[in-house]
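Next comes entry-v3.cif, a file with mmCIF, C-alpha atoms and all ligand atoms.
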```
data_structure
loop_
_atom_site.label_atom_id
_atom_site.label_comp_id
_atom_site.auth_asym_id
_atom_site.auth_seq_id
_atom_site.Cartn_x
_atom_site.Cartn_y
_atom_site.Cartn_z
CA MET A 1 122.83 118.69 118.19
CA TYR A 2 126.31 119.03 116.69
CA ALA A 3 127.22 121.49 119.45
CA LYS A 4 126.27 118.87 122.02
CA TYR A 5 127.40 115.61 120.44
CA GLY A 6 129.62 116.64 117.53
CA GLY A 7 132.74 116.71 119.69
CA SER A 8 132.92 112.93 120.00
CA LEU A 9 135.52 111.18 117.90
CA TYR A 10 134.67 110.03 114.39
CA ASP A 11 137.99 108.26 114.04
CA PRO A 12 141.37 108.73 115.75
CA SER A 13 142.10 111.95 113.85
CA VAL A 14 138.85 113.93 113.68
CA THR A 15 135.65 114.54 115.61
CA GLN A 16 132.17 114.12 114.17
CA ILE A 17 131.79 117.82 113.52
CA GLU A 18 135.24 118.09 111.92
CA HIS A 19 134.44 115.13 109.68
CA ALA A 20 131.10 116.68 108.68
CA LEU A 21 132.61 120.10 107.95
CA GLN A 22 135.53 118.67 106.01
CA SER A 23 133.19 116.56 103.87
CA ALA A 24 130.99 119.55 103.06
CA TYR A 25 133.98 121.79 102.46
CA LEU A 26 135.49 119.33 99.98
CA ALA A 27 132.21 119.23 98.05
CA GLU A 28 131.97 123.02 98.09
CA GLN A 29 135.55 123.47 96.88
CA GLU A 30 134.76 121.28 93.89
CA GLY A 31 131.80 123.53 93.08
CA LYS A 32 129.14 120.90 93.81
CA ASP A 33 125.49 121.88 94.19
CA ALA A 34 123.80 122.63 97.51
CA ASP A 35 122.26 119.15 97.68
CA LEU A 36 125.61 117.41 97.58
CA ILE A 37 127.21 119.89 99.98
CA VAL A 38 124.38 119.37 102.46
CA ALA A 39 124.40 115.61 102.00
CA ALA A 40 128.16 115.63 102.65
CA LEU A 41 127.67 117.79 105.73
CA LEU A 42 124.96 115.59 107.20
CA HIS A 43 125.87 112.15 105.89
CA ASP A 44 126.76 110.85 109.35
CA VAL A 45 123.99 112.60 111.23
CA GLY A 46 122.73 109.14 112.16
CA HIS A 47 125.89 108.57 114.24
CA VAL A 48 125.34 111.89 115.98
CA LEU A 49 121.62 111.26 116.55
CA MET A 50 122.49 108.01 118.31
CA ASP A 51 125.56 109.56 119.96
CA GLU A 52 127.08 106.33 118.78
CA HIS A 53 130.76 107.05 119.20
CA ALA A 54 130.83 108.89 122.50
CA GLY A 55 133.29 107.27 124.88
CA ASN A 56 132.91 104.05 122.95
CA ALA A 57 136.18 102.92 121.43
CA ASP A 58 134.70 99.76 119.90
CA PHE A 59 131.63 101.33 118.37
CA LEU A 60 132.35 99.53 115.12
CA LYS A 61 131.58 96.18 116.71
CA GLU A 62 127.96 96.67 115.85
CA ASP A 63 126.36 98.16 112.73
CA LYS A 64 123.57 100.40 113.90
CA VAL A 65 122.65 101.38 110.31
CA HIS A 66 123.46 105.03 110.89
CA GLU A 67 122.83 105.73 107.20
CA ALA A 68 119.19 104.64 107.47
CA ILE A 69 118.66 106.43 110.79
CA GLY A 70 120.17 109.59 109.35
CA ALA A 71 118.21 109.41 106.08
CA ARG A 72 114.94 108.89 107.90
CA TRP A 73 115.62 111.85 110.15
CA LEU A 74 116.57 114.07 107.20
CA LYS A 75 113.38 113.11 105.41
CA SER A 76 111.34 113.93 108.49
CA ARG A 77 113.00 117.35 108.59
CA GLY A 78 111.90 118.07 105.03
CA PHE A 79 115.14 117.55 103.06
CA PRO A 80 114.75 116.54 99.39
CA ASP A 81 115.44 113.06 98.04
CA GLU A 82 118.71 114.28 96.51
CA VAL A 83 120.03 114.72 100.05
CA VAL A 84 118.12 111.93 101.78
CA GLN A 85 119.03 109.22 99.26
CA ALA A 86 122.67 110.23 99.03
CA VAL A 87 122.89 109.78 102.80
CA GLN A 88 120.89 106.55 102.67
CA TYR A 89 123.28 105.11 100.06
CA HIS A 90 126.62 106.40 101.34
CA VAL A 91 127.45 103.07 103.01
CA ASN A 92 126.44 101.04 99.98
CA ALA A 93 128.51 103.45 97.88
CA LYS A 94 131.56 102.11 99.71
CA ARG A 95 130.45 98.55 99.02
CA TYR A 96 130.10 99.60 95.35
CA LEU A 97 133.46 101.35 95.11
CA THR A 98 135.33 98.49 96.75
CA ALA A 99 133.71 96.12 94.29
CA VAL A 100 134.67 98.05 91.16
CA ASP A 101 137.96 99.71 92.15
CA ALA A 102 140.76 97.76 93.85
CA ALA A 103 142.83 100.92 94.32
CA TYR A 104 139.93 102.45 96.24
CA TYR A 105 139.84 99.48 98.61
CA ASN A 106 143.58 99.65 99.20
CA GLY A 107 143.35 103.33 100.03
CA LEU A 108 140.77 102.85 102.81
CA SER A 109 141.83 103.32 106.42
CA GLU A 110 141.96 100.23 108.62
CA MET A 111 138.92 101.46 110.48
CA SER A 112 137.01 101.91 107.25
CA LYS A 113 137.95 98.41 106.10
CA ARG A 114 136.70 97.05 109.40
CA SER A 115 133.37 98.83 109.14
CA LEU A 116 133.04 97.66 105.52
CA GLU A 117 133.08 94.04 106.69
CA LEU A 118 130.38 94.83 109.25
CA GLN A 119 128.33 96.47 106.53
CA GLY A 120 128.40 93.41 104.28
CA GLY A 121 131.76 93.74 102.44
CA PRO A 122 132.22 94.63 98.75
CA PHE A 123 129.21 94.08 96.47
CA ALA A 124 129.11 91.09 94.16
CA PRO A 125 129.41 92.33 90.52
CA GLU A 126 125.65 92.03 89.77
CA ASP A 127 124.75 93.83 93.02
CA ALA A 128 127.19 96.61 92.17
CA GLU A 129 125.45 97.05 88.83
CA THR A 130 122.00 97.12 90.43
CA PHE A 131 123.18 99.61 93.01
CA ILE A 132 124.64 102.13 90.60
CA GLY A 133 121.49 101.99 88.45
CA GLN A 134 119.39 103.45 91.26
CA GLU A 135 118.40 107.09 91.29
CA HIS A 136 120.83 109.20 93.37
CA ALA A 137 123.36 106.34 93.65
CA LYS A 138 126.02 108.27 91.66
CA ARG A 139 125.51 111.23 93.97
CA ALA A 140 126.12 108.89 96.92
CA VAL A 141 129.34 107.69 95.30
CA SER A 142 130.59 111.29 94.97
CA LEU A 143 129.66 111.88 98.59
CA ARG A 144 131.53 108.76 99.60
CA LEU A 145 134.77 110.06 98.09
CA TYR A 146 134.51 113.24 100.19
CA ASP A 147 133.62 111.14 103.22
CA ASP A 148 136.79 109.09 102.81
CA LYS A 149 139.02 112.15 102.48
CA ALA A 150 137.47 114.10 105.34
CA LYS A 151 139.71 112.77 108.06
CA THR A 152 142.55 115.30 108.22
CA ALA A 153 143.61 116.28 111.72
CA ASN A 154 143.49 120.04 112.42
CA LEU A 155 142.32 121.02 108.95
CA VAL A 156 140.82 124.51 108.97
CA THR A 157 137.30 124.62 107.51
CA PRO A 158 134.46 127.15 107.56
CA PRO A 159 132.16 126.79 110.60
CA LEU A 160 128.76 125.08 110.54
CA GLU A 161 127.03 128.45 110.10
CA HIS A 162 128.77 128.83 106.72
CA PHE A 163 126.60 126.03 105.31
CA ARG A 164 123.31 127.51 106.48
CA PRO A 165 122.44 129.04 103.06
CA ALA A 166 122.98 125.68 101.36
CA ILE A 167 120.77 123.97 103.94
CA LEU A 168 118.02 126.56 103.48
CA GLU A 169 118.28 126.25 99.71
CA THR A 170 117.73 122.50 99.79
CA LEU A 171 114.94 122.77 102.34
CA SER A 172 113.07 125.48 100.50
CA ARG A 173 113.17 123.56 97.23
CA ALA A 174 112.00 120.31 98.78
CA ALA A 175 108.81 121.31 100.48
CA PRO A 176 105.49 122.01 98.81
CA GLY A 177 103.86 125.41 99.02
CA GLY A 178 105.11 128.83 98.03
CA THR A 179 106.88 131.19 100.33
CA PHE A 180 107.20 134.82 101.21
CA ASP A 181 110.25 136.59 102.45
CA SER A 182 111.00 135.68 106.01
CA CYS A 183 111.38 139.02 107.65
CA LYS A 184 114.64 139.91 109.19
CA VAL A 185 114.52 140.79 112.86
CA GLU A 186 115.30 144.41 112.04
CA ASP A 187 112.22 144.63 109.80
CA CYS A 188 110.01 143.32 112.58
CA GLU A 189 111.33 145.49 115.33
CA LEU A 190 108.79 146.14 118.06
CA THR A 191 108.51 149.50 119.76
CA GLU A 192 109.16 149.77 123.48
CA ASP A 193 105.48 150.55 123.90
CA MET A 194 104.48 147.29 122.27
CA ILE A 195 106.83 145.29 124.47
CA ALA A 196 105.59 147.08 127.61
CA THR A 197 101.98 146.43 126.57
CA TYR A 198 102.69 142.76 126.08
CA GLN A 199 104.31 142.49 129.48
CA ARG A 200 101.51 144.39 131.21
CA GLN A 201 98.50 142.71 129.66
CA GLY A 202 99.99 139.36 128.77
CA TRP A 203 99.09 139.55 125.09
CA LEU A 204 99.79 141.64 122.06
CA HIS A 205 97.59 142.03 119.06
CA MET A 206 99.21 143.11 115.80
CA PRO A 207 96.75 143.99 113.07
CA GLY A 208 98.33 143.92 109.64
CA PHE A 209 101.19 141.71 110.77
CA PHE A 210 100.74 139.86 107.49
CA THR A 211 99.88 141.75 104.34
CA VAL A 212 96.65 140.92 102.54
CA ALA A 213 98.63 139.11 99.84
CA GLU A 214 100.51 137.09 102.44
CA SER A 215 97.27 136.31 104.18
CA GLU A 216 95.95 134.92 100.90
CA MET A 217 99.00 132.70 100.65
CA ILE A 218 98.53 131.49 104.20
CA ARG A 219 94.92 130.63 103.43
CA GLN A 220 96.08 128.67 100.40
CA TRP A 221 98.62 126.77 102.52
CA ALA A 222 95.85 125.94 104.98
CA ASP A 223 93.79 124.56 102.08
CA GLU A 224 96.80 122.47 101.05
CA LEU A 225 97.20 121.02 104.53
CA GLU A 226 93.53 120.14 104.57
CA THR A 227 94.06 117.84 101.58
CA TRP A 228 96.90 115.87 103.17
CA PRO A 229 95.86 112.27 103.74
CA GLU A 230 94.63 111.07 107.09
CA SER A 231 97.64 108.93 107.82
CA GLY A 232 100.91 110.64 107.02
CA GLU A 233 104.41 109.57 107.82
CA GLU A 234 104.94 112.52 110.10
CA TRP A 235 101.95 114.82 110.22
CA MET A 236 98.72 114.22 112.13
CA GLN A 237 95.17 114.90 110.98
CA HIS A 238 92.53 114.87 113.73
CA TYR A 239 88.86 114.49 112.92
CA GLU A 240 85.62 115.24 114.74
CA TRP A 241 81.94 114.47 114.28
CA VAL A 242 79.89 117.63 113.87
CA GLU A 243 76.31 118.50 113.19
CA PRO A 244 76.41 121.40 110.76
CA PRO A 245 73.53 123.87 111.10
CA GLY A 246 70.52 122.56 109.19
CA SER A 247 72.02 119.11 108.70
CA PRO A 248 69.94 116.11 109.82
CA GLU A 249 72.96 114.01 110.74
CA LYS A 250 76.47 114.22 112.03
CA VAL A 251 79.38 114.31 109.60
CA ARG A 252 83.06 113.57 110.14
CA VAL A 253 85.27 116.55 109.37
CA LEU A 254 88.87 117.53 109.82
CA ALA A 255 89.30 119.34 113.13
CA ARG A 256 93.03 120.09 113.13
CA SER A 257 96.41 119.28 111.61
CA GLU A 258 99.62 118.98 113.62
CA ASN A 259 103.35 118.46 113.10
CA PHE A 260 103.54 119.77 109.55
CA MET A 261 105.93 122.70 109.81
CA HIS A 262 109.03 120.86 108.64
CA LEU A 263 107.14 119.43 105.68
CA HIS A 264 105.82 122.66 104.20
CA ARG A 265 107.87 125.57 102.95
CA GLY A 266 105.10 128.15 103.32
CA TRP A 267 104.33 127.31 106.91
CA ARG A 268 107.99 127.54 107.72
CA ALA A 269 107.96 131.09 106.34
CA VAL A 270 105.06 131.89 108.68
CA ALA A 271 106.95 130.44 111.63
CA SER A 272 110.07 132.31 110.72
CA ARG A 273 108.20 135.62 110.61
CA VAL A 274 106.58 134.96 113.98
CA HIS A 275 109.84 133.80 115.48
CA ALA A 276 111.51 137.09 114.58
CA VAL A 277 109.22 139.10 116.84
CA LEU A 278 108.78 136.69 119.73
CA ALA A 279 112.31 136.87 120.99
CA GLN A 280 112.01 140.62 121.31
CA CYS A 281 109.09 140.40 123.72
CA GLU A 282 110.30 137.42 125.65
CA GLY A 283 113.84 138.75 125.94
CA HIS A 284 115.46 135.53 124.72
CA ASP A 285 115.35 133.24 121.72
CA MET A 286 112.32 130.99 121.41
CA ALA A 287 111.95 127.52 119.91
CA LEU A 288 108.86 126.16 118.23
CA PHE A 289 107.41 123.41 120.39
CA LYS A 290 104.16 122.64 118.64
CA GLU A 291 102.16 123.88 115.67
CA LYS A 292 98.58 123.19 114.80
CA LEU A 293 95.95 124.39 112.41
CA ASN A 294 92.37 124.46 113.74
CA TYR A 295 89.75 124.31 110.99
CA LYS A 296 86.54 125.10 112.88
CA SER A 297 84.07 123.79 110.31
CA PRO A 298 80.41 124.79 110.65
CA GLY A 299 79.27 122.95 113.77
CA GLY A 300 82.88 122.33 114.80
CA ALA A 301 83.47 122.12 118.55
CA GLY A 302 85.06 124.84 120.61
CA PHE A 303 87.49 124.14 123.39
CA ARG A 304 87.03 124.48 127.10
CA PRO A 305 88.66 127.15 129.21
CA HIS A 306 92.22 126.19 129.93
CA GLN A 307 95.74 127.51 130.32
CA ASP A 308 98.36 126.24 127.88
CA ALA A 309 100.97 126.64 130.61
CA ALA A 310 99.51 123.68 132.52
CA ALA A 311 100.57 121.35 129.70
CA TYR A 312 103.92 122.93 128.86
CA GLY A 313 105.28 123.74 132.30
CA LYS A 314 107.47 120.68 132.43
CA PHE A 315 109.19 121.47 129.14
CA ALA A 316 110.24 125.06 129.77
CA SER A 317 109.64 127.80 132.29
CA SER A 318 108.87 130.40 129.64
CA HIS A 319 106.48 129.78 126.78
CA CYS A 320 103.92 131.63 124.77
CA THR A 321 101.20 130.82 122.29
CA CYS A 322 100.79 132.58 118.95
CA MET A 323 97.73 132.70 116.80
CA VAL A 324 97.43 133.69 113.17
CA ALA A 325 93.87 134.24 111.98
CA ILE A 326 93.36 132.64 108.60
CA ASP A 327 89.73 133.64 108.09
CA ASN A 328 87.94 136.55 109.64
CA ALA A 329 87.10 135.43 113.15
CA ASP A 330 84.17 136.37 115.35
CA SER A 331 82.09 134.83 118.10
CA ALA A 332 79.71 133.32 115.55
CA ASN A 333 82.35 131.15 113.95
CA GLY A 334 84.04 130.27 117.23
CA CYS A 335 86.87 132.72 117.63
CA LEU A 336 89.44 132.49 120.37
CA GLN A 337 88.41 134.12 123.65
CA MET A 338 90.62 135.01 126.57
CA ALA A 339 90.25 136.17 130.14
CA SER A 340 91.87 139.47 130.83
CA ALA A 341 94.39 140.34 133.52
CA VAL A 342 94.89 136.87 134.95
CA HIS A 343 98.22 135.90 133.44
CA GLN A 344 100.19 137.11 136.42
CA GLN A 345 98.29 134.87 138.83
CA GLY A 346 100.04 131.76 137.55
CA LEU A 347 98.16 128.51 137.15
CA SER A 348 94.47 128.69 138.02
CA PHE A 349 93.77 125.19 136.76
CA SER A 350 95.82 122.06 137.24
CA THR A 351 96.43 119.72 134.31
CA SER A 352 94.26 117.05 135.95
CA GLN A 353 91.42 119.52 136.37
CA ILE A 354 91.67 120.40 132.73
CA ARG A 355 91.79 116.76 131.67
CA SER A 356 88.83 115.82 133.82
CA GLY A 357 86.84 118.78 132.64
CA LEU A 358 86.40 120.02 136.22
CA CYS A 359 87.81 123.40 135.40
CA CYS A 360 85.03 124.04 132.98
CA LYS A 361 82.08 122.30 134.55
CA GLY A 362 78.99 123.65 132.93
CA MET A 363 80.84 125.42 130.16
CA ASP A 364 80.09 122.82 127.56
CA VAL A 365 76.34 123.27 127.90
CA LEU A 366 76.54 127.01 127.65
CA PRO A 367 75.14 128.68 124.60
CA CYS A 368 77.91 130.30 122.66
CA GLY A 369 76.44 133.76 122.84
CA ARG A 370 78.97 136.33 123.78
CA ALA A 371 77.23 137.96 126.75
CA GLU A 372 76.16 134.74 128.51
CA HIS A 373 79.52 133.24 127.93
CA ALA A 374 81.34 136.22 129.36
CA ALA A 375 79.02 136.33 132.36
CA ARG A 376 79.55 132.65 133.09
CA MET A 377 83.30 132.95 132.84
CA GLU A 378 83.21 135.80 135.25
CA MET A 379 80.92 134.00 137.68
CA GLN A 380 82.65 130.66 137.47
CA TYR A 381 86.24 131.80 137.74
CA GLY A 382 85.93 135.16 139.36
CA MET A 383 87.56 136.67 136.34
CA ILE A 384 87.26 140.32 135.94
CA GLY A 385 86.86 141.76 132.53
CA TYR A 386 86.46 138.66 130.44
CA ARG A 387 86.94 139.88 126.93
CA GLU A 388 86.69 138.57 123.47
CA ILE A 389 89.65 140.38 122.20
CA CYS A 390 89.73 138.35 119.04
CA SER A 391 86.20 139.10 118.02
CA ASN A 392 85.82 140.37 114.53
CA TRP A 393 89.38 139.79 113.56
CA SER A 394 90.37 140.14 109.98
CA ALA A 395 92.57 137.52 108.50
CA THR A 396 95.75 139.56 108.44
CA GLU A 397 96.06 139.73 112.19
CA PHE A 398 98.42 138.11 114.56
CA LEU A 399 98.27 137.66 118.30
CA TRP A 400 100.46 136.07 120.88
CA PHE A 401 99.98 135.63 124.55
CA GLN A 402 101.52 134.22 127.65
CA THR A 403 100.46 130.68 128.33
CA PHE A 404 99.05 131.49 131.76
CA ARG A 405 96.16 133.22 130.09
CA ILE A 406 92.88 131.40 130.42
CA ARG A 407 91.31 130.94 127.05
CA ASP A 408 88.56 129.06 125.35
CA SER A 409 86.51 129.21 122.20
CA CYS A 410 82.92 128.58 121.26
CA CYS A 411 81.67 126.08 118.76
CA SER A 412 81.26 127.39 115.26
CA ARG A 413 77.77 128.44 114.34
CA ALA A 414 78.89 129.45 110.87
CA GLU A 415 76.83 128.28 107.91
FE FE B 501 128.96 107.15 107.49
FE FE B 502 131.51 109.56 107.27
#
```
Take the structure I supplied and represent it as structure tokens, if you would.
Ligand SMILES: [Fe+2]
Ligand SMILES: [Fe+2]
Amino acid sequence: MYAKYGGSLYDPSVTQIEHALQSAYLAEQEGKDADLIVAALLHDVGHVLMDEHAGNADFLKEDKVHEAIGARWLKSRGFPDEVVQAVQYHVNAKRYLTAVDAAYYNGLSEMSKRSLELQGGPFAPEDAETFIGQEHAKRAVSLRLYDDKAKTANLVTPPLEHFRPAILETLSRAAPGGTFDSCKVEDCELTEDMIATYQRQGWLHMPGFFTVAESEMIRQWADELETWPESGEEWMQHYEWVEPPGSPEKVRVLARSENFMHLHRGWRAVASRVHAVLAQCEGHDMALFKEKLNYKSPGGAGFRPHQDAAAYGKFASSHCTCMVAIDNADSANGCLQMASAVHQQGLSFSTSQIRSGLCCKGMDVLPCGRAEHAARMEMQYGMIGYREICSNWSATEFLWFQTFRIRDSCCSRAE
């Protein structure tokens, strides 16, 4: 984002990225903690998110509340309140400082004085008192002083990458869940054989990718996600009605969670580990597009045969899907199933076919038995060698596959 939009001017002397780096550098030089350094670095992220200044000399004519936009975004990315609130209050910190310190007001640049008027002008004395009594307000005032100084043309500062450890420190402290060491790429190095296998068969299965202890942690993080309320600010919980074996009536259960990665430290560690190996097989860096946790309760529905590529084709030409087994998986509890040797044929189903259910006509009335299912897949789609490669997986295993693979899963017949 900063690479793309950070080059626009912040004021006549510095760009957005220069202003951000100078602010963070000033905080770092004074030995401030990671929260304040990160807040200083990202305090104007709202301007950058809106690309507010680009080619727009009179951007100060309108107050687009960049502090609120930035704070909301930072919160959604999992930053702690110490960072989020400092950013949220950095405009009001100026209103506070100008109210209590005449010398501060006189030292402001003309541009800053102009924006102050737009933002409501100096606080009345009672408002100043209320403001500074709020949690994190003093932190915002410190940030504000760096903000005001960070306007030196051609000042040499460390690059953005320099502040990565501080960002990770604040992120890792903010989110719930434990963590395990994110593996470095060199620790996850794939052999040439593994890469060749992936390219030939369109999937790679890595037993023991997570240790048993890590697998236990992942299971615990899944349990944590399951307890998140139905309506979250960012995450999504999807429910389904199921008829558990032996139950006289349907019950509503959680089917899957989505969009939680940035809100949970443990899941980010999982993603980081997976990310380290993906790039090696794909030959270029990969970005996480979507994460979800499928629960597959007893009686929980399976999903129809489909190709993920049909849905993602418009976003990128190269994508893959990764699966981490949390419990032992087999055909009885509705494990993932994939057709073999079809990934090179491109799209067999169109998105509209998948949406209308045409691609899987008849599949939903099939019994979930392995042999019948395999036979029907073969008959219906002319697939050769339909396999349940994920059958009888233990929970430490990891699989990823190209998104042209046709896959489905049965309903869960687990007790
Ligand atoms: Fe600002
Ligand atoms: Fe600023």
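Around ligand FE 501 (chain B), the neighbouring residues within 8 Å, taking only C-alpha atoms and all ligand atoms, come to His43, Asp44, His47, His66, Glu67, His90, Val91 and Asp147 of chain A.
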Using CA of His275 (chain A) and CA of Gly313 (chain A) as the two end points, give the distance in Å to one decimal.
-> 20.1 Å
With all atoms listed in the file as the counted atoms, please give the residues lying no more than 10 Å from Phe79 (chain A), apart from itself and same-chain residues fewer than 6 positions off, as a PDB file with C-alpha atoms, in the frame of the given file.
```pdb
ATOM      1  CA  ASP A  35     122.260 119.150  97.680  1.00  0.00           C
ATOM      2  CA  VAL A  38     124.380 119.370 102.460  1.00  0.00           C
ATOM      3  CA  ALA A  39     124.400 115.610 102.000  1.00  0.00           C
ATOM      4  CA  ALA A  71     118.210 109.410 106.080  1.00  0.00           C
ATOM      5  CA  ARG A  72     114.940 108.890 107.900  1.00  0.00           C
ATOM      6  CA  TRP A  73     115.620 111.850 110.150  1.00  0.00           C
ATOM      7  CA  GLN A  85     119.030 109.220  99.260  1.00  0.00           C
ATOM      8  CA  ILE A 167     120.770 123.970 103.940  1.00  0.00           C
ATOM      9  CA  LEU A 168     118.020 126.560 103.480  1.00  0.00           C
ATOM     10  CA  GLU A 169     118.280 126.250  99.710  1.00  0.00           C
ATOM     11  CA  THR A 170     117.730 122.500  99.790  1.00  0.00           C
ATOM     12  CA  LEU A 171     114.940 122.770 102.340  1.00  0.00           C
ATOM     13  CA  SER A 172     113.070 125.480 100.500  1.00  0.00           C
ATOM     14  CA  ARG A 173     113.170 123.560  97.230  1.00  0.00           C
ATOM     15  CA  ALA A 174     112.000 120.310  98.780  1.00  0.00           C
ATOM     16  CA  ALA A 175     108.810 121.310 100.480  1.00  0.00           C
ATOM     17  CA  HIS A 262     109.030 120.860 108.640  1.00  0.00           C
ATOM     18  CA  LEU A 263     107.140 119.430 105.680  1.00  0.00           C
TER      19      LEU A 263
END
```
Using all atoms listed in the file, determine which residues lie at most 9 Å from Arg219 (chain A), disregarding the query and same-chain residues fewer than 5 positions distant; provide the list as an MDAnalysis selection string.
-> chainID A and resid 214 224 326:327 395
Quick one: residues within 8 Å of ligand FE 502 (chain B), with only C-alpha atoms and all ligand atoms, as JSON, numbers by chain?
-> {"A": [10, 19, 20, 23, 43, 44, 144, 147, 148, 150]}
With C-alpha atoms retained, export the selected residues as a compact mmCIF listing (two decimals), keeping the file's coordinate frame.
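Output contents, as saved in selection-v4.txt:
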```
# COMPACT_ATOMS: atom_id res chain seq x y z
CA TYR A 10 134.67 110.03 114.39
CA HIS A 19 134.44 115.13 109.68
CA ALA A 20 131.10 116.68 108.68
CA SER A 23 133.19 116.56 103.87
CA HIS A 43 125.87 112.15 105.89
CA ASP A 44 126.76 110.85 109.35
CA ARG A 144 131.53 108.76 99.60
CA ASP A 147 133.62 111.14 103.22
CA ASP A 148 136.79 109.09 102.81
CA ALA A 150 137.47 114.10 105.34
```
Residue neighbourhood region 11-15 of chain A, 10 Å, all atoms listed in the file, exclusion window fewer than 5 positions, as an mmCIF file with C-alpha atoms, keeping the file's coordinate frame:
```
data_model
loop_
_atom_site.group_PDB
_atom_site.id
_atom_site.type_symbol
_atom_site.label_atom_id
_atom_site.label_comp_id
_atom_site.auth_asym_id
_atom_site.auth_seq_id
_atom_site.Cartn_x
_atom_site.Cartn_y
_atom_site.Cartn_z
ATOM 1 C CA TYR A 5 127.400 115.610 120.440
ATOM 2 C CA GLY A 6 129.620 116.640 117.530
ATOM 3 C CA ALA A 20 131.100 116.680 108.680
ATOM 4 C CA LEU A 21 132.610 120.100 107.950
ATOM 5 C CA GLN A 22 135.530 118.670 106.010
ATOM 6 C CA HIS A 53 130.760 107.050 119.200
ATOM 7 C CA ALA A 57 136.180 102.920 121.430
ATOM 8 C CA SER A 109 141.830 103.320 106.420
ATOM 9 C CA MET A 111 138.920 101.460 110.480
ATOM 10 C CA SER A 112 137.010 101.910 107.250
ATOM 11 C CA ALA A 150 137.470 114.100 105.340
ATOM 12 C CA LYS A 151 139.710 112.770 108.060
ATOM 13 C CA THR A 152 142.550 115.300 108.220
ATOM 14 C CA ALA A 153 143.610 116.280 111.720
ATOM 15 C CA ASN A 154 143.490 120.040 112.420
ATOM 16 C CA LEU A 155 142.320 121.020 108.950
#
```
Polymer residues at most 10 Å from region 242-256 of chain A, all atoms listed in the file, same-chain spacing of 2 or more positions, as a list of chain:residue names = A:Leu225, A:Glu226, A:Thr227, A:Glu230, A:Met236, A:Gln237, A:His238, A:Tyr239, A:Glu240, A:Glu258, A:Lys292, A:Leu293, A:Asn294, A:Tyr295, A:Lys296, A:Ser297, A:Pro298, A:Gly299, A:Gly300, A:Ala301, A:Cys411, A:Ser412, A:Arg413, A:Ala414, A:Glu415
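Counting all atoms listed in the file, the residue from A:Lys64, A:Leu190, A:Arg95, A:Leu41 that sits nearest to Ala24 (chain A) is A:Leu41.
Minimum atom-to-atom distances from A:Cys322, A:Met206, A:Ile218, A:Leu26 to Thr191 (chain A) were compared using all atoms listed in the file, and the lowest value belongs to A:Met206.
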Taken to one decimal, the CA of Val65 (chain A)-CA of Gly120 (chain A) distance is 11.5 Å
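Taking CA of Leu278 (chain A) and CA of Met217 (chain A) as endpoints, the distance between them is 21.8 Å.
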With distances taken over only C-alpha atoms, the candidate from A:Glu234, A:Trp267, A:Glu291, A:Ala332 nearest Gln220 (chain A) is A:Trp267
Using all atoms listed in the file, find the one residue out of A:Glu28, A:Glu110, A:Glu135, A:Glu189 that sits nearest to His162 (chain A).
-> A:Glu28
